[in-house]
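Listing of my_file_30.cif; format and content: mmCIF, C-alpha atoms.
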data_target
#
loop_
_atom_site.group_PDB
_atom_site.id
_atom_site.type_symbol
_atom_site.label_atom_id
_atom_site.label_comp_id
_atom_site.auth_asym_id
_atom_site.auth_seq_id
_atom_site.Cartn_x
_atom_site.Cartn_y
_atom_site.Cartn_z
ATOM 1 C CA MET H 199 -34.239 -5.698 48.035
ATOM 2 C CA VAL H 200 -31.816 -3.813 50.282
ATOM 3 C CA PRO H 201 -28.148 -4.457 49.347
ATOM 4 C CA ALA H 202 -26.321 -6.648 51.850
ATOM 5 C CA THR H 203 -22.993 -6.697 53.590
ATOM 6 C CA LEU H 204 -21.465 -10.112 52.998
ATOM 7 C CA PHE H 205 -19.340 -11.319 55.909
ATOM 8 C CA LEU H 206 -16.882 -13.980 54.719
ATOM 9 C CA LEU H 207 -15.622 -15.894 57.739
ATOM 10 C CA ALA H 208 -13.104 -18.706 57.850
ATOM 11 C CA HIS H 209 -14.515 -20.416 60.951
ATOM 12 C CA GLN H 210 -17.556 -20.545 63.158
ATOM 13 C CA ASP H 211 -16.645 -18.084 65.919
ATOM 14 C CA ASP H 212 -14.814 -15.621 63.664
ATOM 15 C CA GLU H 213 -17.943 -13.455 63.716
ATOM 16 C CA PHE H 214 -16.600 -12.543 67.146
ATOM 17 C CA GLY H 215 -14.312 -10.061 65.356
ATOM 18 C CA VAL H 216 -17.198 -8.253 63.661
ATOM 19 C CA PHE H 217 -20.037 -8.265 66.220
ATOM 20 C CA PHE H 218 -20.186 -4.476 66.194
ATOM 21 C CA GLU H 219 -20.133 -4.303 62.380
ATOM 22 C CA ILE H 220 -22.987 -6.797 62.110
ATOM 23 C CA GLU H 221 -24.987 -4.818 64.662
ATOM 24 C CA ASP H 222 -24.254 -1.525 62.883
ATOM 25 C CA THR H 223 -25.237 -2.975 59.498
ATOM 26 C CA LEU H 224 -28.588 -4.157 60.825
ATOM 27 C CA ALA H 225 -29.212 -1.007 62.895
ATOM 28 C CA ASN H 226 -28.767 1.086 59.740
ATOM 29 C CA GLY H 227 -31.374 -0.945 57.857
ATOM 30 C CA GLY H 228 -28.929 -3.137 55.958
ATOM 31 C CA ARG H 229 -28.867 -6.868 55.508
ATOM 32 C CA ALA H 230 -26.088 -9.001 56.976
ATOM 33 C CA ILE H 231 -25.192 -12.304 55.318
ATOM 34 C CA CYS H 232 -22.609 -14.557 56.961
ATOM 35 C CA VAL H 233 -20.796 -17.285 55.019
ATOM 36 C CA TYR H 234 -18.429 -19.713 56.742
ATOM 37 C CA LEU H 235 -15.724 -21.020 54.425
ATOM 38 C CA THR H 236 -14.462 -24.101 56.339
ATOM 39 C CA ASP H 237 -16.217 -26.880 58.207
ATOM 40 C CA GLY H 238 -15.009 -25.357 61.483
ATOM 41 C CA GLY H 239 -13.416 -28.603 62.609
ATOM 42 C CA ALA H 240 -15.092 -31.842 61.588
ATOM 43 C CA ARG H 241 -15.374 -33.235 65.108
ATOM 44 C CA LEU H 242 -17.053 -30.083 66.458
ATOM 45 C CA ALA H 243 -18.725 -28.788 63.288
ATOM 46 C CA THR H 244 -22.329 -29.288 64.386
ATOM 47 C CA GLN H 245 -21.741 -27.732 67.801
ATOM 48 C CA ARG H 246 -19.839 -24.793 66.313
ATOM 49 C CA ASN H 247 -22.594 -24.207 63.733
ATOM 50 C CA GLU H 248 -25.215 -24.152 66.495
ATOM 51 C CA GLU H 249 -23.127 -21.733 68.579
ATOM 52 C CA ALA H 250 -22.667 -19.390 65.624
ATOM 53 C CA LEU H 251 -26.380 -19.482 64.770
ATOM 54 C CA ALA H 252 -27.334 -18.704 68.380
ATOM 55 C CA VAL H 253 -25.002 -15.708 68.633
ATOM 56 C CA LEU H 254 -25.949 -14.355 65.210
ATOM 57 C CA LYS H 255 -29.635 -14.689 66.055
ATOM 58 C CA GLU H 256 -29.058 -12.577 69.188
ATOM 59 C CA LEU H 257 -27.375 -9.975 66.980
ATOM 60 C CA GLY H 258 -30.431 -9.964 64.699
ATOM 61 C CA VAL H 259 -29.189 -12.085 61.783
ATOM 62 C CA GLN H 260 -31.847 -14.403 60.390
ATOM 63 C CA ASN H 261 -30.931 -18.100 60.070
ATOM 64 C CA GLU H 262 -31.614 -17.890 56.310
ATOM 65 C CA ALA H 263 -28.772 -15.364 56.048
ATOM 66 C CA VAL H 264 -26.201 -17.770 57.530
ATOM 67 C CA HIS H 265 -24.481 -20.216 55.177
ATOM 68 C CA PHE H 266 -22.092 -23.002 56.146
ATOM 69 C CA LEU H 267 -20.449 -23.323 52.734
ATOM 70 C CA GLY H 268 -17.313 -24.975 54.112
ATOM 71 C CA LYS H 269 -19.354 -27.747 55.684
ATOM 72 C CA THR H 270 -21.334 -28.255 52.469
ATOM 73 C CA LEU H 271 -18.118 -28.412 50.412
ATOM 74 C CA LYS H 272 -16.265 -30.432 53.087
ATOM 75 C CA VAL H 273 -13.432 -27.898 53.396
ATOM 76 C CA PRO H 274 -11.456 -28.951 56.480
ATOM 77 C CA ASP H 275 -10.444 -26.440 59.106
ATOM 78 C CA GLY H 276 -6.846 -25.457 58.373
ATOM 79 C CA HIS H 277 -7.041 -26.329 54.656
ATOM 80 C CA LEU H 278 -8.981 -23.511 52.973
ATOM 81 C CA VAL H 279 -5.928 -22.570 50.911
ATOM 82 C CA LYS H 280 -6.147 -25.972 49.175
ATOM 83 C CA HIS H 281 -9.744 -25.233 48.121
ATOM 84 C CA LEU H 282 -9.569 -21.580 46.989
ATOM 85 C CA GLU H 283 -10.894 -22.069 43.452
ATOM 86 C CA ARG H 284 -13.653 -24.479 44.501
ATOM 87 C CA VAL H 285 -14.888 -22.210 47.314
ATOM 88 C CA TYR H 286 -14.711 -19.115 45.126
ATOM 89 C CA GLY H 287 -16.640 -20.886 42.363
ATOM 90 C CA ALA H 288 -19.309 -22.065 44.808
ATOM 91 C CA LEU H 289 -19.688 -18.526 46.159
ATOM 92 C CA GLU H 290 -20.117 -17.109 42.668
ATOM 93 C CA LEU H 291 -22.820 -19.689 41.924
ATOM 94 C CA ARG H 292 -24.723 -18.724 45.096
ATOM 95 C CA LEU H 293 -24.529 -14.949 44.585
ATOM 96 C CA PRO H 294 -27.793 -14.626 42.648
ATOM 97 C CA ASP H 295 -29.665 -16.261 45.546
ATOM 98 C CA LEU H 296 -28.178 -13.793 48.047
ATOM 99 C CA GLY H 297 -29.513 -10.673 46.388
ATOM 100 C CA PRO H 298 -27.514 -7.502 45.818
ATOM 101 C CA ILE H 299 -24.215 -7.190 47.709
ATOM 102 C CA ALA H 300 -22.988 -3.684 48.538
ATOM 103 C CA ARG H 301 -19.755 -4.679 50.248
ATOM 104 C CA LEU H 302 -17.773 -7.489 51.801
ATOM 105 C CA VAL H 303 -16.210 -7.733 55.238
ATOM 106 C CA VAL H 304 -13.468 -10.343 55.450
ATOM 107 C CA HIS H 305 -10.391 -11.275 57.455
ATOM 108 C CA ALA H 306 -7.295 -9.142 56.973
ATOM 109 C CA TRP H 307 -4.128 -10.768 55.712
ATOM 110 C CA GLU H 308 -2.341 -11.209 59.045
ATOM 111 C CA GLY H 309 -0.041 -14.150 58.556
ATOM 112 C CA GLY H 310 -1.461 -15.615 61.770
ATOM 113 C CA HIS H 311 -3.816 -18.318 60.497
ATOM 114 C CA GLN H 312 -3.733 -19.803 57.029
ATOM 115 C CA ASP H 313 -7.538 -19.987 56.764
ATOM 116 C CA HIS H 314 -7.916 -16.296 57.619
ATOM 117 C CA ASP H 315 -5.380 -15.366 54.929
ATOM 118 C CA ALA H 316 -7.061 -17.669 52.396
ATOM 119 C CA ALA H 317 -10.449 -16.100 53.220
ATOM 120 C CA HIS H 318 -8.855 -12.697 52.548
ATOM 121 C CA LEU H 319 -7.763 -13.820 49.072
ATOM 122 C CA ILE H 320 -11.256 -15.092 48.275
ATOM 123 C CA GLY H 321 -12.779 -11.868 49.611
ATOM 124 C CA VAL H 322 -10.560 -9.606 47.509
ATOM 125 C CA ALA H 323 -11.309 -11.597 44.355
ATOM 126 C CA LEU H 324 -15.051 -11.630 45.074
ATOM 127 C CA ALA H 325 -15.170 -7.903 45.902
ATOM 128 C CA ARG H 326 -13.423 -7.171 42.602
ATOM 129 C CA SER H 327 -15.895 -9.295 40.653
ATOM 130 C CA LEU H 328 -18.837 -7.585 42.418
ATOM 131 C CA ASP H 329 -17.289 -4.160 41.821
ATOM 132 C CA CYS H 330 -17.468 -3.325 45.531
ATOM 133 C CA LEU H 331 -13.781 -3.404 46.419
ATOM 134 C CA GLU H 332 -13.662 0.227 47.554
ATOM 135 C CA ALA H 333 -16.632 -0.217 49.894
ATOM 136 C CA SER H 334 -15.341 -3.499 51.342
ATOM 137 C CA ARG H 335 -13.403 -3.803 54.582
ATOM 138 C CA GLN H 336 -11.077 -6.158 56.386
ATOM 139 C CA PHE H 337 -10.835 -6.984 60.069
ATOM 140 C CA THR H 338 -8.032 -8.324 62.217
ATOM 141 C CA GLU H 339 -8.318 -10.950 64.910
ATOM 142 C CA LEU H 340 -4.863 -12.294 65.614
ATOM 143 C CA GLN H 341 -1.837 -10.144 64.856
ATOM 144 C CA GLY H 342 -2.934 -7.078 62.980
ATOM 145 C CA CYS H 343 -1.979 -6.476 59.375
ATOM 146 C CA SER H 344 1.534 -7.802 58.986
ATOM 147 C CA GLY H 345 1.193 -9.284 55.511
ATOM 148 C CA PRO H 346 1.144 -7.714 52.084
ATOM 149 C CA VAL H 347 -0.742 -4.481 51.615
ATOM 150 C CA SER H 348 -4.377 -5.259 50.918
ATOM 151 C CA PRO H 349 -6.229 -3.692 48.026
ATOM 152 C CA PHE H 350 -9.123 -3.032 50.403
ATOM 153 C CA CYS H 351 -9.517 0.643 51.160
ATOM 154 C CA GLY H 352 -9.115 0.147 54.875
ATOM 155 C CA GLY H 353 -9.821 -1.842 57.916
ATOM 156 C CA LEU H 354 -12.671 -1.548 60.311
ATOM 157 C CA ALA H 355 -11.976 0.850 63.130
ATOM 158 C CA PRO H 356 -10.725 -1.090 66.143
ATOM 159 C CA ARG H 357 -13.094 -1.084 69.051
ATOM 160 C CA SER H 358 -11.515 0.797 71.924
ATOM 161 C CA GLN H 359 -13.562 -0.935 74.600
ATOM 162 C CA TRP H 360 -15.522 -4.122 74.625
ATOM 163 C CA SER H 361 -19.180 -3.616 75.282
ATOM 164 C CA HIS H 362 -20.987 -5.716 77.853
ATOM 165 C CA ARG H 363 -22.933 -7.288 75.005
ATOM 166 C CA ASP H 364 -19.718 -8.344 73.209
ATOM 167 C CA LYS H 365 -18.434 -9.957 76.389
ATOM 168 C CA THR H 366 -21.734 -11.781 76.826
ATOM 169 C CA HIS H 367 -21.638 -13.107 73.256
ATOM 170 C CA SER H 368 -18.021 -14.222 73.600
ATOM 171 C CA ARG H 369 -19.034 -16.586 76.410
ATOM 172 C CA ARG H 370 -21.358 -18.472 74.067
ATOM 173 C CA TYR H 371 -18.567 -20.465 72.418
ATOM 174 C CA PRO H 372 -17.851 -23.437 74.692
ATOM 175 C CA SER H 373 -16.275 -25.347 71.796
#
Represent the structure of the file as structure tokens.
Amino acid sequence: MVPATLFLLAHQDDEFGVFFEIEDTLANGGRAICVYLTDGGARLATQRNEEALAVLKELGVQNEAVHFLGKTLKVPDGHLVKHLERVYGALELRLPDLGPIARLVVHAWEGGHQDHDAAHLIGVALARSLDCLEASRQFTELQGCSGPVSPFCGGLAPRSQWSHRDKTHSRRYPS
């Protein structure tokens, strides 16, 4: 089985920050697995899950490669930091079912949203346990890296211009 890139995302719509990386992973023959770490907002969770699945399908990600762990574990939007150990433990238990993981892509520590920063902590710990820390990357969505220096080797290169496709996908999130 081809090793995968594991995208750890705090919320349904955070894949918006890594559209190009998902596309590049798949275009280069890799597997992309997306795991959402919170419920995405209890009131809108079902709608947000459907939106994320639709966009990821257009990018080429199979539904079987999308996991709504936060919904399963009932981790409320805005409260991931209170569930770090439980989410990390659940991820570790699911790893054998995901196949080999070559690297992780996760939120950078930005200090802009507590769930993004908590996802970063989980990602660093998981990348260390999988021995793929050097290959793993972080991405910014809100403020850029203003927090502590990450042990990740580097961030994803910022996209200088939005592609038409990215703009089209961004309109698919009415919630």
| field | Neighbour list for region 293-306 of chain H as a count of residues only, cut-off 7 Å, all atoms listed in the file, skip fewer than 3 positions in-chain | value | 23
| request: Up to 12 Å from (-33.7, -14.1, 60.0) in the file's coordinates: name the residues, counting only C-alpha atoms, as an MDAnalysis selection string. | output: chainID H and resid 224 229:232 251:252 254:264
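Reported to one decimal place, the separation of CA of Ser327 (chain H) from CA of His311 (chain H) is 24.9 Å.
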| said: Just want the 10 Å neighbourhood of region 277-283 of chain H, counted on all atoms listed in the file, with same-chain residues fewer than 6 positions away dropped. Output as a VMD selection string. | reply: chain H and resid 208 235 to 237 268 271 289 312 to 317 319 to 320
| task | Would you please work out which residue, of H:Lys272, H:Gly287, H:Glu249, H:Ala240, is nearest to Asp211 (chain H) when using all atoms listed in the file? | result |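 Between H:Lys272, H:Gly287, H:Glu249, H:Ala240, the residue approaching Asp211 (chain H) most closely is H:Glu249.
If you measure from each of H:Gln210, H:Ala225, H:Gln245, H:Gly239 to Phe266 (chain H) using all atoms listed in the file, the closest one turns out to be H:Gln210.
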Just add N, CA, C and O atoms to region 251-277 of chain H and send it as a PDB file, keeping the file's coordinate frame.
ATOM      1  N   LEU H 251     -24.984 -19.850  65.038  1.00  0.00           N
ATOM      2  CA  LEU H 251     -26.380 -19.482  64.770  1.00  0.00           C
ATOM      3  C   LEU H 251     -27.021 -18.791  65.969  1.00  0.00           C
ATOM      4  O   LEU H 251     -27.745 -17.804  65.810  1.00  0.00           O
ATOM      5  N   ALA H 252     -26.742 -19.295  67.167  1.00  0.00           N
ATOM      6  CA  ALA H 252     -27.334 -18.704  68.380  1.00  0.00           C
ATOM      7  C   ALA H 252     -26.849 -17.276  68.588  1.00  0.00           C
ATOM      8  O   ALA H 252     -27.643 -16.372  68.874  1.00  0.00           O
ATOM      9  N   VAL H 253     -25.553 -17.051  68.439  1.00  0.00           N
ATOM     10  CA  VAL H 253     -25.002 -15.708  68.633  1.00  0.00           C
ATOM     11  C   VAL H 253     -25.507 -14.762  67.547  1.00  0.00           C
ATOM     12  O   VAL H 253     -25.920 -13.632  67.830  1.00  0.00           O
ATOM     13  N   LEU H 254     -25.487 -15.214  66.306  1.00  0.00           N
ATOM     14  CA  LEU H 254     -25.949 -14.355  65.210  1.00  0.00           C
ATOM     15  C   LEU H 254     -27.429 -14.022  65.352  1.00  0.00           C
ATOM     16  O   LEU H 254     -27.841 -12.899  65.053  1.00  0.00           O
ATOM     17  N   LYS H 255     -28.218 -14.963  65.829  1.00  0.00           N
ATOM     18  CA  LYS H 255     -29.635 -14.689  66.055  1.00  0.00           C
ATOM     19  C   LYS H 255     -29.806 -13.584  67.097  1.00  0.00           C
ATOM     20  O   LYS H 255     -30.637 -12.691  66.949  1.00  0.00           O
ATOM     21  N   GLU H 256     -29.008 -13.628  68.168  1.00  0.00           N
ATOM     22  CA  GLU H 256     -29.058 -12.577  69.188  1.00  0.00           C
ATOM     23  C   GLU H 256     -28.662 -11.217  68.619  1.00  0.00           C
ATOM     24  O   GLU H 256     -29.158 -10.185  69.075  1.00  0.00           O
ATOM     25  N   LEU H 257     -27.783 -11.226  67.627  1.00  0.00           N
ATOM     26  CA  LEU H 257     -27.375  -9.975  66.980  1.00  0.00           C
ATOM     27  C   LEU H 257     -28.426  -9.482  65.992  1.00  0.00           C
ATOM     28  O   LEU H 257     -28.357  -8.350  65.536  1.00  0.00           O
ATOM     29  N   GLY H 258     -29.368 -10.351  65.619  1.00  0.00           N
ATOM     30  CA  GLY H 258     -30.431  -9.964  64.699  1.00  0.00           C
ATOM     31  C   GLY H 258     -30.324 -10.555  63.305  1.00  0.00           C
ATOM     32  O   GLY H 258     -31.100 -10.211  62.420  1.00  0.00           O
ATOM     33  N   VAL H 259     -29.361 -11.456  63.090  1.00  0.00           N
ATOM     34  CA  VAL H 259     -29.189 -12.085  61.783  1.00  0.00           C
ATOM     35  C   VAL H 259     -30.145 -13.272  61.677  1.00  0.00           C
ATOM     36  O   VAL H 259     -30.165 -14.138  62.561  1.00  0.00           O
ATOM     37  N   GLN H 260     -30.916 -13.299  60.616  1.00  0.00           N
ATOM     38  CA  GLN H 260     -31.847 -14.403  60.390  1.00  0.00           C
ATOM     39  C   GLN H 260     -31.089 -15.675  59.996  1.00  0.00           C
ATOM     40  O   GLN H 260     -30.067 -15.598  59.296  1.00  0.00           O
ATOM     41  N   ASN H 261     -31.583 -16.827  60.416  1.00  0.00           N
ATOM     42  CA  ASN H 261     -30.931 -18.100  60.070  1.00  0.00           C
ATOM     43  C   ASN H 261     -30.747 -18.269  58.570  1.00  0.00           C
ATOM     44  O   ASN H 261     -29.755 -18.845  58.122  1.00  0.00           O
ATOM     45  N   GLU H 262     -31.696 -17.757  57.771  1.00  0.00           N
ATOM     46  CA  GLU H 262     -31.614 -17.890  56.310  1.00  0.00           C
ATOM     47  C   GLU H 262     -30.438 -17.105  55.733  1.00  0.00           C
ATOM     48  O   GLU H 262     -30.052 -17.322  54.584  1.00  0.00           O
ATOM     49  N   ALA H 263     -29.893 -16.191  56.509  1.00  0.00           N
ATOM     50  CA  ALA H 263     -28.772 -15.364  56.048  1.00  0.00           C
ATOM     51  C   ALA H 263     -27.426 -15.914  56.505  1.00  0.00           C
ATOM     52  O   ALA H 263     -26.402 -15.257  56.357  1.00  0.00           O
ATOM     53  N   VAL H 264     -27.431 -17.128  57.060  1.00  0.00           N
ATOM     54  CA  VAL H 264     -26.201 -17.770  57.530  1.00  0.00           C
ATOM     55  C   VAL H 264     -25.981 -19.022  56.687  1.00  0.00           C
ATOM     56  O   VAL H 264     -26.869 -19.873  56.568  1.00  0.00           O
ATOM     57  N   HIS H 265     -24.782 -19.120  56.099  1.00  0.00           N
ATOM     58  CA  HIS H 265     -24.481 -20.216  55.177  1.00  0.00           C
ATOM     59  C   HIS H 265     -23.184 -20.900  55.595  1.00  0.00           C
ATOM     60  O   HIS H 265     -22.152 -20.240  55.742  1.00  0.00           O
ATOM     61  N   PHE H 266     -23.253 -22.202  55.760  1.00  0.00           N
ATOM     62  CA  PHE H 266     -22.092 -23.002  56.146  1.00  0.00           C
ATOM     63  C   PHE H 266     -21.521 -23.674  54.897  1.00  0.00           C
ATOM     64  O   PHE H 266     -21.576 -24.891  54.735  1.00  0.00           O
ATOM     65  N   LEU H 267     -20.966 -22.857  54.014  1.00  0.00           N
ATOM     66  CA  LEU H 267     -20.449 -23.323  52.734  1.00  0.00           C
ATOM     67  C   LEU H 267     -19.315 -24.327  52.917  1.00  0.00           C
ATOM     68  O   LEU H 267     -19.234 -25.323  52.206  1.00  0.00           O
ATOM     69  N   GLY H 268     -18.436 -24.066  53.876  1.00  0.00           N
ATOM     70  CA  GLY H 268     -17.313 -24.975  54.112  1.00  0.00           C
ATOM     71  C   GLY H 268     -17.757 -26.366  54.529  1.00  0.00           C
ATOM     72  O   GLY H 268     -17.151 -27.361  54.138  1.00  0.00           O
ATOM     73  N   LYS H 269     -18.818 -26.442  55.294  1.00  0.00           N
ATOM     74  CA  LYS H 269     -19.354 -27.747  55.684  1.00  0.00           C
ATOM     75  C   LYS H 269     -19.957 -28.446  54.465  1.00  0.00           C
ATOM     76  O   LYS H 269     -19.716 -29.624  54.232  1.00  0.00           O
ATOM     77  N   THR H 270     -20.716 -27.689  53.676  1.00  0.00           N
ATOM     78  CA  THR H 270     -21.334 -28.255  52.469  1.00  0.00           C
ATOM     79  C   THR H 270     -20.267 -28.789  51.510  1.00  0.00           C
ATOM     80  O   THR H 270     -20.414 -29.871  50.950  1.00  0.00           O
ATOM     81  N   LEU H 271     -19.190 -28.030  51.349  1.00  0.00           N
ATOM     82  CA  LEU H 271     -18.118 -28.412  50.412  1.00  0.00           C
ATOM     83  C   LEU H 271     -17.072 -29.328  51.044  1.00  0.00           C
ATOM     84  O   LEU H 271     -16.134 -29.734  50.373  1.00  0.00           O
ATOM     85  N   LYS H 272     -17.228 -29.593  52.344  1.00  0.00           N
ATOM     86  CA  LYS H 272     -16.265 -30.432  53.087  1.00  0.00           C
ATOM     87  C   LYS H 272     -14.846 -29.859  53.018  1.00  0.00           C
ATOM     88  O   LYS H 272     -13.894 -30.551  52.678  1.00  0.00           O
ATOM     89  N   VAL H 273     -14.735 -28.572  53.343  1.00  0.00           N
ATOM     90  CA  VAL H 273     -13.432 -27.898  53.396  1.00  0.00           C
ATOM     91  C   VAL H 273     -12.943 -27.980  54.836  1.00  0.00           C
ATOM     92  O   VAL H 273     -13.504 -27.327  55.720  1.00  0.00           O
ATOM     93  N   PRO H 274     -11.913 -28.775  55.098  1.00  0.00           N
ATOM     94  CA  PRO H 274     -11.456 -28.951  56.480  1.00  0.00           C
ATOM     95  C   PRO H 274     -10.833 -27.686  57.065  1.00  0.00           C
ATOM     96  O   PRO H 274     -10.160 -26.929  56.365  1.00  0.00           O
ATOM     97  N   ASP H 275     -11.088 -27.504  58.350  1.00  0.00           N
ATOM     98  CA  ASP H 275     -10.444 -26.440  59.106  1.00  0.00           C
ATOM     99  C   ASP H 275      -8.933 -26.564  58.905  1.00  0.00           C
ATOM    100  O   ASP H 275      -8.372 -27.649  58.994  1.00  0.00           O
ATOM    101  N   GLY H 276      -8.291 -25.454  58.584  1.00  0.00           N
ATOM    102  CA  GLY H 276      -6.846 -25.457  58.373  1.00  0.00           C
ATOM    103  C   GLY H 276      -6.418 -25.704  56.938  1.00  0.00           C
ATOM    104  O   GLY H 276      -5.236 -25.653  56.628  1.00  0.00           O
ATOM    105  N   HIS H 277      -7.387 -25.957  56.029  1.00  0.00           N
ATOM    106  CA  HIS H 277      -7.041 -26.329  54.656  1.00  0.00           C
ATOM    107  C   HIS H 277      -7.760 -25.497  53.590  1.00  0.00           C
ATOM    108  O   HIS H 277      -7.822 -25.914  52.428  1.00  0.00           O
TER     109      HIS H 277
END
